[in-house]
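Notes follow the structure.
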Amino acid sequence: MTVKRSAGSTGAGRFDALDLAARGEVLAGEIDISRRPRVVDRLAPNTTSAPIAWQIAGARDALGRPMLAVSVEGDLPQECQRCLQPFDAPISQRSELLLARNDAELERLDAEEAEVLLAAAPLDAMTLVEDEILLWLPFAPRHPEGQCPAEVAATSGSEGVQAVQATSSPFARLAALRKGTDRNT
Ligand SMILES: [Zn+2]
């Protein structure tokens with residue numbers, strides 16, 4: 001099996017997925033997702049670096065159909081929605097995507113298979129990696145059971161922590177907006 005290392009940490013760029021599957025080759029590298037606009041909003045605030053190792057392996061499924069196995073591994077800086085403290089959530093995710101050569105095949109495979117990808121045109125490796133991370137990211141990340149300071153406080157008899165971010169409330173933003181308008185008139 002051939003492993004192609006991508007140059008630098010920015011990614012491998014576009015590649016022919018059907019060709020990769022036919023050759024059984026593997027693309028691999030590391031990406032700093034704190035620099036990726038699609039993902040950065042879902043990370044803990046003030047994250048300066050979040051390196052994630054990724055791999056895209058071309059293969060054939062049991063029926064001989066072309067597929068990709070996309071896997072990502074590393075630590076994702078998350079903000080716990082219970083105590084609002086940052087923590088590292090370990091990610092180890094792998095998805096198998098069946099490749100469709102055209103729209104007709106996509107439609108046909110989509111009806112019977114869980115995950116199908118249209119590979120008529122070259123695919124962007126980093127988009128696939130980002131998709132994989134976005135799929136995994138919890139909607140409301142929390143410390144693992146027993147590791148959240150707020151949870152410990154709650155179980156030790158206090159009322160628990162009800163943290164509210166006042167500065168990001170719609171009313172605060174509206175007030176700031178109004179102030180700006182007043183100054184202009
Ligand atoms: Zn927590």
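Each chain in the structure tokens gets a letter, A, B, ..., in the order shown, and its residues are numbered from 1; ligands are numbered from 1 in order too.
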
Shell of 12 Å around A:Ala121, only C-alpha atoms, local chain residues under 5 positions omitted, as a compact mmCIF listing (two decimals) with C-alpha atoms, in the first residue's frame:
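Result written to result_0.txt:
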```txt
# COMPACT_ATOMS: atom_id res chain seq x y z
CA ARG A 14 -7.82 17.97 -4.93
CA PHE A 15 -7.46 14.36 -5.95
CA ASP A 16 -9.15 11.82 -8.20
CA ALA A 17 -11.06 9.60 -5.76
CA LEU A 18 -11.87 6.89 -8.30
CA ASP A 19 -8.20 6.69 -9.27
CA LEU A 99 -18.01 6.48 -4.71
CA ALA A 100 -20.52 7.29 -7.45
CA ARG A 101 -19.21 7.96 -10.96
CA ASN A 102 -22.15 10.14 -11.98
CA ASP A 103 -25.49 11.56 -10.81
```

Practice task
Could you report the residues within 9 Å of ligand 1, using only C-alpha atoms and all ligand atoms, as number ranges by chain?
Solution key: A: 79-87, 141-144, 147-151

Handout entry: 12 Å contact set for A:Leu20, only C-alpha atoms, chain neighbours under 2 positions out, as a list in words
Key =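 Close residues of A:Leu20: Met1, Thr2, Val3, Lys4, Arg14, Phe15, Asp16, Ala17, Leu18, Ala22, Arg23, Gly24, Glu25, Val26, Leu27, Ile56, Ala57, Gly58, Ala59, Arg60, Pro66, Met67, Leu68, Ala69, Leu99, Ala119, Pro122, Leu123 and Ala125 of chain A.
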
Fill in the blank from the handout: A straight line from atom CA of A:Phe139 to atom CA of A:Asp124 spans 25.1 Å

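The residues of stretch 27-83 of chain A that DSSP classifies as helix (DSSP H, G or I), using the backbone of this structure, are A:Ile33, A:Ser34, A:Arg35, A:Pro37, A:Arg38, A:Val39, A:Val40.
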
Take the residues from that selection and put them in a file with N, CA and C atoms, as a compact mmCIF listing (two decimals), in the first residue's frame.
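Contents of again-v6.txt, freshly written:
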```txt
# COMPACT_ATOMS: atom_id res chain seq x y z
N ILE A 33 -6.78 22.44 12.33
CA ILE A 33 -8.16 22.83 12.03
C ILE A 33 -8.54 24.16 12.68
N SER A 34 -7.66 24.70 13.55
CA SER A 34 -7.97 26.03 14.10
C SER A 34 -7.84 27.10 13.01
N ARG A 35 -7.28 26.73 11.85
CA ARG A 35 -7.16 27.66 10.74
C ARG A 35 -8.20 27.42 9.65
N PRO A 37 -11.95 27.83 8.50
CA PRO A 37 -13.14 28.62 8.84
C PRO A 37 -14.39 27.78 9.14
N ARG A 38 -14.55 26.65 8.45
CA ARG A 38 -15.77 25.86 8.65
C ARG A 38 -15.82 25.22 10.03
N VAL A 39 -14.65 25.00 10.63
CA VAL A 39 -14.59 24.24 11.88
C VAL A 39 -14.31 25.13 13.09
N VAL A 40 -13.60 26.25 12.87
CA VAL A 40 -13.08 27.03 13.99
C VAL A 40 -14.19 27.52 14.93
```

Exercise for the section: Go through A:Gln78, A:Ser49, A:Gln55, A:Thr127 and flag the residue nearest A:Glu96, using only C-alpha atoms for the distances. Expected result: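 Going through A:Gln78, A:Ser49, A:Gln55, A:Thr127 one by one, the smallest distance to A:Glu96 is for A:Gln55.
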
As a short mmCIF file (atom, residue, chain, number, x, y, z; two decimals) with all heavy atoms, in the first residue's frame, which residues of stretch 26-145 of chain A does DSSP assign to strand (DSSP E)?
```cif
data_model
loop_
_atom_site.label_atom_id
_atom_site.label_comp_id
_atom_site.auth_asym_id
_atom_site.auth_seq_id
_atom_site.Cartn_x
_atom_site.Cartn_y
_atom_site.Cartn_z
N VAL A 26 -3.22 5.60 -0.46
CA VAL A 26 -3.63 6.31 0.75
C VAL A 26 -3.02 7.71 0.76
O VAL A 26 -1.83 7.87 0.50
CB VAL A 26 -3.16 5.56 2.02
CG1 VAL A 26 -3.55 6.33 3.28
CG2 VAL A 26 -3.73 4.15 2.06
N LEU A 27 -3.86 8.72 1.02
CA LEU A 27 -3.36 10.07 1.26
C LEU A 27 -3.38 10.28 2.76
O LEU A 27 -4.31 9.85 3.44
CB LEU A 27 -4.26 11.12 0.59
CG LEU A 27 -4.45 11.03 -0.92
CD1 LEU A 27 -5.50 12.05 -1.37
CD2 LEU A 27 -3.14 11.30 -1.63
N ALA A 28 -2.36 10.94 3.29
CA ALA A 28 -2.33 11.16 4.73
C ALA A 28 -1.59 12.45 5.05
O ALA A 28 -0.77 12.91 4.27
CB ALA A 28 -1.65 9.99 5.44
N GLY A 29 -1.89 13.02 6.19
CA GLY A 29 -1.21 14.24 6.60
C GLY A 29 -1.75 14.74 7.92
O GLY A 29 -2.44 14.02 8.64
N GLU A 30 -1.41 15.99 8.21
CA GLU A 30 -1.90 16.61 9.44
C GLU A 30 -2.46 17.97 9.07
O GLU A 30 -1.93 18.64 8.19
CB GLU A 30 -0.74 16.77 10.43
CG GLU A 30 -1.22 17.03 11.84
CD GLU A 30 -0.04 17.09 12.82
OE1 GLU A 30 0.60 18.15 12.89
OE2 GLU A 30 0.21 16.08 13.49
N ILE A 31 -3.54 18.36 9.72
CA ILE A 31 -4.16 19.65 9.43
C ILE A 31 -4.40 20.38 10.74
O ILE A 31 -4.83 19.78 11.73
CB ILE A 31 -5.48 19.45 8.65
CG1 ILE A 31 -6.17 20.78 8.39
CG2 ILE A 31 -6.41 18.49 9.35
CD1 ILE A 31 -7.47 20.66 7.61
N ASP A 32 -4.07 21.68 10.74
CA ASP A 32 -4.39 22.50 11.91
C ASP A 32 -5.78 23.07 11.70
O ASP A 32 -5.97 24.03 10.96
CB ASP A 32 -3.37 23.64 12.05
CG ASP A 32 -3.64 24.49 13.28
OD1 ASP A 32 -4.65 24.23 13.97
OD2 ASP A 32 -2.85 25.40 13.56
N PRO A 51 -3.93 20.48 15.89
CA PRO A 51 -3.49 19.56 14.84
C PRO A 51 -4.26 18.23 14.89
O PRO A 51 -4.39 17.63 15.95
CB PRO A 51 -2.01 19.34 15.15
CG PRO A 51 -1.85 19.65 16.59
CD PRO A 51 -2.97 20.57 17.00
N ILE A 52 -4.78 17.85 13.73
CA ILE A 52 -5.51 16.58 13.62
C ILE A 52 -4.86 15.76 12.51
O ILE A 52 -4.64 16.25 11.41
CB ILE A 52 -7.00 16.85 13.27
CG1 ILE A 52 -7.70 17.64 14.39
CG2 ILE A 52 -7.73 15.55 12.98
CD1 ILE A 52 -7.91 16.88 15.68
N ALA A 53 -4.54 14.50 12.82
CA ALA A 53 -3.99 13.60 11.81
C ALA A 53 -5.13 13.03 10.99
O ALA A 53 -6.16 12.65 11.53
CB ALA A 53 -3.20 12.48 12.48
N TRP A 54 -4.95 13.00 9.67
CA TRP A 54 -6.02 12.48 8.81
C TRP A 54 -5.46 11.49 7.79
O TRP A 54 -4.28 11.49 7.49
CB TRP A 54 -6.73 13.63 8.08
CG TRP A 54 -5.84 14.43 7.19
CD1 TRP A 54 -5.14 15.55 7.53
CD2 TRP A 54 -5.51 14.17 5.81
NE1 TRP A 54 -4.41 16.00 6.47
CE2 TRP A 54 -4.62 15.19 5.40
CE3 TRP A 54 -5.88 13.19 4.89
CZ2 TRP A 54 -4.10 15.24 4.10
CZ3 TRP A 54 -5.36 13.25 3.59
CH2 TRP A 54 -4.49 14.27 3.22
N GLN A 55 -6.37 10.66 7.29
CA GLN A 55 -5.98 9.67 6.28
C GLN A 55 -7.17 9.41 5.36
O GLN A 55 -8.31 9.28 5.84
CB GLN A 55 -5.56 8.38 6.98
CG GLN A 55 -4.77 7.45 6.09
CD GLN A 55 -4.36 6.18 6.81
OE1 GLN A 55 -5.20 5.34 7.10
NE2 GLN A 55 -3.08 6.03 7.07
N ILE A 56 -6.92 9.40 4.08
CA ILE A 56 -7.96 9.04 3.11
C ILE A 56 -7.45 7.84 2.32
O ILE A 56 -6.48 7.96 1.56
CB ILE A 56 -8.30 10.21 2.17
CG1 ILE A 56 -8.82 11.40 2.98
CG2 ILE A 56 -9.33 9.79 1.12
CD1 ILE A 56 -9.02 12.68 2.16
N ALA A 57 -8.07 6.69 2.52
CA ALA A 57 -7.62 5.46 1.88
C ALA A 57 -8.58 5.07 0.77
O ALA A 57 -9.79 4.96 0.99
CB ALA A 57 -7.51 4.35 2.91
N GLY A 58 -8.04 4.85 -0.42
CA GLY A 58 -8.84 4.34 -1.52
C GLY A 58 -8.92 2.83 -1.43
O GLY A 58 -7.94 2.18 -1.09
N ALA A 59 -10.09 2.28 -1.70
CA ALA A 59 -10.24 0.82 -1.60
C ALA A 59 -11.46 0.37 -2.40
O ALA A 59 -12.12 1.19 -3.06
CB ALA A 59 -10.40 0.42 -0.13
N ARG A 60 -11.76 -0.92 -2.33
CA ARG A 60 -12.97 -1.46 -2.93
C ARG A 60 -13.74 -2.17 -1.84
O ARG A 60 -13.15 -2.78 -0.95
CB ARG A 60 -12.63 -2.42 -4.07
CG ARG A 60 -12.02 -1.70 -5.25
CD ARG A 60 -11.93 -2.57 -6.49
NE ARG A 60 -11.43 -1.81 -7.61
CZ ARG A 60 -12.21 -1.05 -8.40
NH1 ARG A 60 -13.51 -0.98 -8.18
NH2 ARG A 60 -11.69 -0.38 -9.41
N PRO A 66 -15.80 0.99 -5.90
CA PRO A 66 -14.80 1.92 -5.37
C PRO A 66 -15.32 2.67 -4.14
O PRO A 66 -16.48 3.06 -4.09
CB PRO A 66 -14.56 2.88 -6.53
CG PRO A 66 -15.78 2.78 -7.38
CD PRO A 66 -16.29 1.37 -7.22
N MET A 67 -14.46 2.82 -3.14
CA MET A 67 -14.84 3.54 -1.93
C MET A 67 -13.64 4.25 -1.31
O MET A 67 -12.49 3.99 -1.68
CB MET A 67 -15.44 2.57 -0.90
CG MET A 67 -14.54 1.39 -0.56
SD MET A 67 -14.98 0.59 1.00
CE MET A 67 -14.06 1.58 2.17
N LEU A 68 -13.93 5.16 -0.40
CA LEU A 68 -12.90 5.83 0.37
C LEU A 68 -13.15 5.57 1.85
O LEU A 68 -14.30 5.54 2.29
CB LEU A 68 -12.93 7.36 0.16
CG LEU A 68 -12.61 7.95 -1.21
CD1 LEU A 68 -12.70 9.47 -1.13
CD2 LEU A 68 -11.22 7.53 -1.67
N ALA A 69 -12.07 5.35 2.60
CA ALA A 69 -12.17 5.31 4.06
C ALA A 69 -11.48 6.56 4.59
O ALA A 69 -10.28 6.73 4.39
CB ALA A 69 -11.53 4.06 4.61
N VAL A 70 -12.26 7.46 5.19
CA VAL A 70 -11.71 8.72 5.71
C VAL A 70 -11.59 8.60 7.22
O VAL A 70 -12.57 8.27 7.90
CB VAL A 70 -12.65 9.91 5.37
CG1 VAL A 70 -12.04 11.22 5.85
CG2 VAL A 70 -12.90 9.96 3.87
N SER A 71 -10.38 8.82 7.75
CA SER A 71 -10.25 8.77 9.21
C SER A 71 -9.51 9.99 9.74
O SER A 71 -8.63 10.54 9.08
CB SER A 71 -9.58 7.47 9.65
OG SER A 71 -8.45 7.21 8.86
N VAL A 72 -9.91 10.43 10.92
CA VAL A 72 -9.28 11.56 11.60
C VAL A 72 -9.00 11.18 13.05
O VAL A 72 -9.76 10.42 13.66
CB VAL A 72 -10.17 12.83 11.56
CG1 VAL A 72 -10.26 13.40 10.17
CG2 VAL A 72 -11.57 12.54 12.10
N GLU A 73 -7.90 11.69 13.56
CA GLU A 73 -7.50 11.36 14.93
C GLU A 73 -6.75 12.54 15.56
O GLU A 73 -5.98 13.20 14.90
CB GLU A 73 -6.59 10.13 14.91
CG GLU A 73 -6.72 9.28 16.13
CD GLU A 73 -6.26 7.85 15.88
OE1 GLU A 73 -6.81 7.18 14.97
OE2 GLU A 73 -5.34 7.44 16.58
N GLY A 74 -7.03 12.79 16.84
CA GLY A 74 -6.34 13.86 17.55
C GLY A 74 -7.18 14.38 18.69
O GLY A 74 -8.10 13.69 19.14
N ASP A 75 -6.83 15.57 19.17
CA ASP A 75 -7.59 16.19 20.25
C ASP A 75 -8.24 17.47 19.74
O ASP A 75 -7.58 18.32 19.17
CB ASP A 75 -6.67 16.54 21.43
CG ASP A 75 -6.28 15.29 22.20
OD1 ASP A 75 -7.13 14.41 22.37
OD2 ASP A 75 -5.11 15.21 22.62
N LEU A 76 -9.55 17.59 19.97
CA LEU A 76 -10.26 18.78 19.56
C LEU A 76 -10.52 19.66 20.78
O LEU A 76 -11.18 19.23 21.72
CB LEU A 76 -11.61 18.41 18.92
CG LEU A 76 -11.55 17.78 17.54
CD1 LEU A 76 -12.94 17.38 17.10
CD2 LEU A 76 -10.96 18.77 16.55
N PRO A 77 -9.99 20.91 20.77
CA PRO A 77 -10.26 21.81 21.89
C PRO A 77 -11.75 22.20 21.88
O PRO A 77 -12.23 22.79 20.93
CB PRO A 77 -9.38 23.03 21.59
CG PRO A 77 -8.43 22.59 20.52
CD PRO A 77 -9.14 21.52 19.75
N GLN A 78 -12.45 21.84 22.93
CA GLN A 78 -13.88 22.11 23.02
C GLN A 78 -14.17 22.95 24.26
O GLN A 78 -13.39 22.94 25.21
CB GLN A 78 -14.65 20.79 23.12
CG GLN A 78 -14.54 19.93 21.88
CD GLN A 78 -15.47 20.41 20.79
OE1 GLN A 78 -16.63 20.07 20.77
NE2 GLN A 78 -14.94 21.23 19.88
N GLU A 79 -15.30 23.67 24.24
CA GLU A 79 -15.73 24.40 25.43
C GLU A 79 -16.90 23.65 26.05
O GLU A 79 -17.94 23.46 25.41
CB GLU A 79 -16.15 25.82 25.08
CG GLU A 79 -16.50 26.64 26.30
CD GLU A 79 -16.97 28.04 25.94
OE1 GLU A 79 -18.02 28.16 25.28
OE2 GLU A 79 -16.30 29.00 26.31
N PRO A 86 -12.53 25.26 28.82
CA PRO A 86 -12.03 24.48 27.67
C PRO A 86 -11.50 23.11 28.10
O PRO A 86 -11.02 22.96 29.22
CB PRO A 86 -10.90 25.34 27.13
CG PRO A 86 -10.47 26.19 28.27
CD PRO A 86 -11.65 26.35 29.18
N PHE A 87 -11.64 22.14 27.22
CA PHE A 87 -11.06 20.82 27.46
C PHE A 87 -10.77 20.16 26.12
O PHE A 87 -11.33 20.58 25.10
CB PHE A 87 -11.99 19.94 28.32
CG PHE A 87 -13.22 19.48 27.60
CD1 PHE A 87 -13.31 18.17 27.13
CD2 PHE A 87 -14.28 20.33 27.38
CE1 PHE A 87 -14.44 17.73 26.46
CE2 PHE A 87 -15.41 19.90 26.71
CZ PHE A 87 -15.50 18.60 26.25
N ASP A 88 -9.88 19.19 26.12
CA ASP A 88 -9.54 18.48 24.89
C ASP A 88 -10.39 17.23 24.75
O ASP A 88 -10.36 16.36 25.60
CB ASP A 88 -8.06 18.08 24.89
CG ASP A 88 -7.17 19.26 24.51
OD1 ASP A 88 -7.68 20.20 23.88
OD2 ASP A 88 -5.98 19.23 24.85
N ALA A 89 -11.16 17.18 23.67
CA ALA A 89 -11.97 15.99 23.41
C ALA A 89 -11.25 15.12 22.40
O ALA A 89 -11.00 15.56 21.27
CB ALA A 89 -13.34 16.41 22.88
N PRO A 90 -10.87 13.91 22.76
CA PRO A 90 -10.18 13.04 21.80
C PRO A 90 -11.14 12.59 20.70
O PRO A 90 -12.26 12.16 20.98
CB PRO A 90 -9.71 11.86 22.65
CG PRO A 90 -10.55 11.89 23.88
CD PRO A 90 -11.05 13.28 24.07
N ILE A 91 -10.69 12.74 19.45
CA ILE A 91 -11.51 12.30 18.31
C ILE A 91 -10.78 11.16 17.62
O ILE A 91 -9.57 11.19 17.44
CB ILE A 91 -11.78 13.46 17.32
CG1 ILE A 91 -12.54 12.97 16.10
CG2 ILE A 91 -10.50 14.15 16.88
CD1 ILE A 91 -12.96 14.07 15.13
N SER A 92 -11.51 10.11 17.32
CA SER A 92 -10.98 8.99 16.56
C SER A 92 -12.14 8.46 15.73
O SER A 92 -12.96 7.68 16.20
CB SER A 92 -10.43 7.92 17.50
OG SER A 92 -9.95 6.84 16.74
N GLN A 93 -12.22 8.99 14.51
CA GLN A 93 -13.41 8.77 13.71
C GLN A 93 -13.04 8.21 12.35
O GLN A 93 -12.05 8.62 11.75
CB GLN A 93 -14.13 10.12 13.58
CG GLN A 93 -15.19 10.21 12.53
CD GLN A 93 -16.55 9.82 13.07
OE1 GLN A 93 -16.69 9.54 14.26
NE2 GLN A 93 -17.55 9.78 12.22
N ARG A 94 -13.82 7.25 11.86
CA ARG A 94 -13.55 6.67 10.54
C ARG A 94 -14.88 6.45 9.82
O ARG A 94 -15.82 5.91 10.41
CB ARG A 94 -12.80 5.35 10.69
CG ARG A 94 -12.43 4.68 9.38
CD ARG A 94 -11.67 3.37 9.67
NE ARG A 94 -11.16 2.75 8.46
CZ ARG A 94 -11.88 1.93 7.69
NH1 ARG A 94 -13.12 1.65 8.00
NH2 ARG A 94 -11.34 1.40 6.61
N SER A 95 -14.94 6.88 8.57
CA SER A 95 -16.15 6.68 7.77
C SER A 95 -15.81 6.04 6.45
O SER A 95 -14.77 6.34 5.86
CB SER A 95 -16.85 8.02 7.49
OG SER A 95 -17.53 8.47 8.62
N GLU A 96 -16.69 5.19 5.97
CA GLU A 96 -16.51 4.60 4.65
C GLU A 96 -17.54 5.21 3.71
O GLU A 96 -18.73 5.26 4.01
CB GLU A 96 -16.68 3.08 4.73
CG GLU A 96 -15.55 2.44 5.50
CD GLU A 96 -15.59 0.92 5.46
OE1 GLU A 96 -16.62 0.37 5.01
OE2 GLU A 96 -14.61 0.29 5.89
N LEU A 97 -17.03 5.73 2.60
CA LEU A 97 -17.88 6.40 1.63
C LEU A 97 -17.79 5.68 0.29
O LEU A 97 -16.71 5.53 -0.27
CB LEU A 97 -17.45 7.85 1.45
CG LEU A 97 -17.31 8.69 2.72
CD1 LEU A 97 -16.43 9.90 2.47
CD2 LEU A 97 -18.68 9.13 3.20
N LEU A 98 -18.94 5.27 -0.21
CA LEU A 98 -19.00 4.63 -1.52
C LEU A 98 -18.90 5.72 -2.58
O LEU A 98 -19.46 6.80 -2.41
CB LEU A 98 -20.33 3.88 -1.63
CG LEU A 98 -20.34 2.55 -2.39
CD1 LEU A 98 -19.26 1.61 -1.86
CD2 LEU A 98 -21.70 1.92 -2.25
N LEU A 99 -18.19 5.45 -3.68
CA LEU A 99 -18.01 6.48 -4.71
C LEU A 99 -18.97 6.25 -5.88
O LEU A 99 -19.08 5.15 -6.40
CB LEU A 99 -16.58 6.46 -5.22
CG LEU A 99 -15.51 6.77 -4.16
CD1 LEU A 99 -14.11 6.61 -4.76
CD2 LEU A 99 -15.69 8.18 -3.60
N ALA A 100 -19.64 7.33 -6.27
CA ALA A 100 -20.52 7.29 -7.45
C ALA A 100 -19.83 7.99 -8.60
O ALA A 100 -19.23 9.05 -8.42
CB ALA A 100 -21.84 7.96 -7.13
N VAL A 116 -22.81 7.89 0.37
CA VAL A 116 -22.32 7.87 -1.00
C VAL A 116 -21.79 9.25 -1.36
O VAL A 116 -22.34 10.26 -0.95
CB VAL A 116 -23.44 7.48 -1.99
CG1 VAL A 116 -22.87 7.27 -3.38
CG2 VAL A 116 -24.16 6.23 -1.52
N LEU A 117 -20.71 9.26 -2.12
CA LEU A 117 -20.06 10.50 -2.49
C LEU A 117 -19.97 10.57 -4.02
O LEU A 117 -19.57 9.60 -4.65
CB LEU A 117 -18.64 10.49 -1.89
CG LEU A 117 -17.91 11.78 -1.67
CD1 LEU A 117 -18.69 12.68 -0.73
CD2 LEU A 117 -16.53 11.48 -1.10
N LEU A 118 -20.35 11.71 -4.59
CA LEU A 118 -20.22 11.88 -6.03
C LEU A 118 -18.76 12.19 -6.35
O LEU A 118 -18.20 13.18 -5.87
CB LEU A 118 -21.14 13.01 -6.52
CG LEU A 118 -21.11 13.27 -8.03
CD1 LEU A 118 -21.60 12.05 -8.80
CD2 LEU A 118 -21.95 14.49 -8.38
N LEU A 123 -12.04 15.53 -5.91
CA LEU A 123 -12.54 15.91 -4.59
C LEU A 123 -11.47 16.67 -3.82
O LEU A 123 -10.28 16.43 -4.01
CB LEU A 123 -12.97 14.67 -3.81
CG LEU A 123 -14.06 13.80 -4.44
CD1 LEU A 123 -14.29 12.56 -3.59
CD2 LEU A 123 -15.36 14.60 -4.58
N ASP A 124 -11.91 17.55 -2.94
CA ASP A 124 -10.98 18.29 -2.09
C ASP A 124 -10.75 17.50 -0.80
O ASP A 124 -11.68 17.27 -0.03
CB ASP A 124 -11.54 19.68 -1.79
CG ASP A 124 -10.57 20.48 -0.93
OD1 ASP A 124 -9.41 20.63 -1.36
OD2 ASP A 124 -10.96 20.92 0.15
#
```

Exercise for the section: Could you please determine the separation between atom CA of A:Glu145 and atom CA of A:Ala44 in Å, to one decimal place? Expected result: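 These two atoms are separated by 18.8 Å.
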
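If you look at atom CA of A:Leu135 and atom CA of A:Asp110, they are 18.2 Å away from each other.
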